[in-house]
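Below you'll find the structure, written out as structure tokens, and then a few comments.
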Amino acid sequence: MNGDVRPIPVRKPFLFLATEEHASDESRAREYVGSESNTYYVVVTGADHMSFTDADLVSSRFTRDLKPDDGAFERALITSTYTRSLVEEFLAKYLKAGVAPDLDLIVRVDKQ
């Protein structure tokens with residue numbers, strides 16, 4: 001985010017999937033200063049920015065210059081499946097009055 005962006009209150013359910021790199025940037029904490037309840041900030045271990053798209057799945061199989069990479073495909077599939085399940089839980093909870101067992105785990109780690 002740009003330095004001139006100020007946090008605003010989030011009064012609607014909000015899900016943010018982040019990479020470890022994003023989460024380690026202490027200036028990012030201000031993004032959620034105004035957040036109220038129903039805000040989920042999930043750090044996906046081993047993910048990069050493009051992990052939240054189909055790009056890694058496609059490139060691990062259909063790269064012109066390289067042979068298919070089964071390991072990269074498996075990692076991309078795991079991240080994609082996990083991401084999809086979190087989004088499905090979030091939408092089910094707020095659109096269908098369902099439950100979100102993975103999102104509703106109370107986990108907080110504070111840096112010392």
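By order in the structure tokens, chains are A, B, ...; within a chain, residues start at 1; ligands start at 1, following the order shown.
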
Which residues, written as a count of residues only, have at least one atom at most 8 Å from Phe90 (chain A), with only C-alpha atoms counted and residues fewer than 2 positions away on the same chain left out? 9

Give the answer as one residue: which of A:Val44, A:Pro68, A:Leu77, A:Phe14 has the shortest atom-to-atom distance to Asp56 (chain A), using only C-alpha atoms? A:Leu77

Within region 23-109 of chain A, find each residue whose DSSP state, derived from the backbone, is strand (DSSP E), and express the selection as number ranges by chain. A: 39-44

Restricting the calculation to only C-alpha atoms: of A:Leu57, A:Ala47, A:Leu95, A:Ala23, which residue gets closest to Asp70 (chain A)?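 Smallest distance to Asp70 (chain A) is found for A:Leu57.
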
Interatomic distance between CA of Val58 (chain A) and CA of His22 (chain A)? 23.8 Å
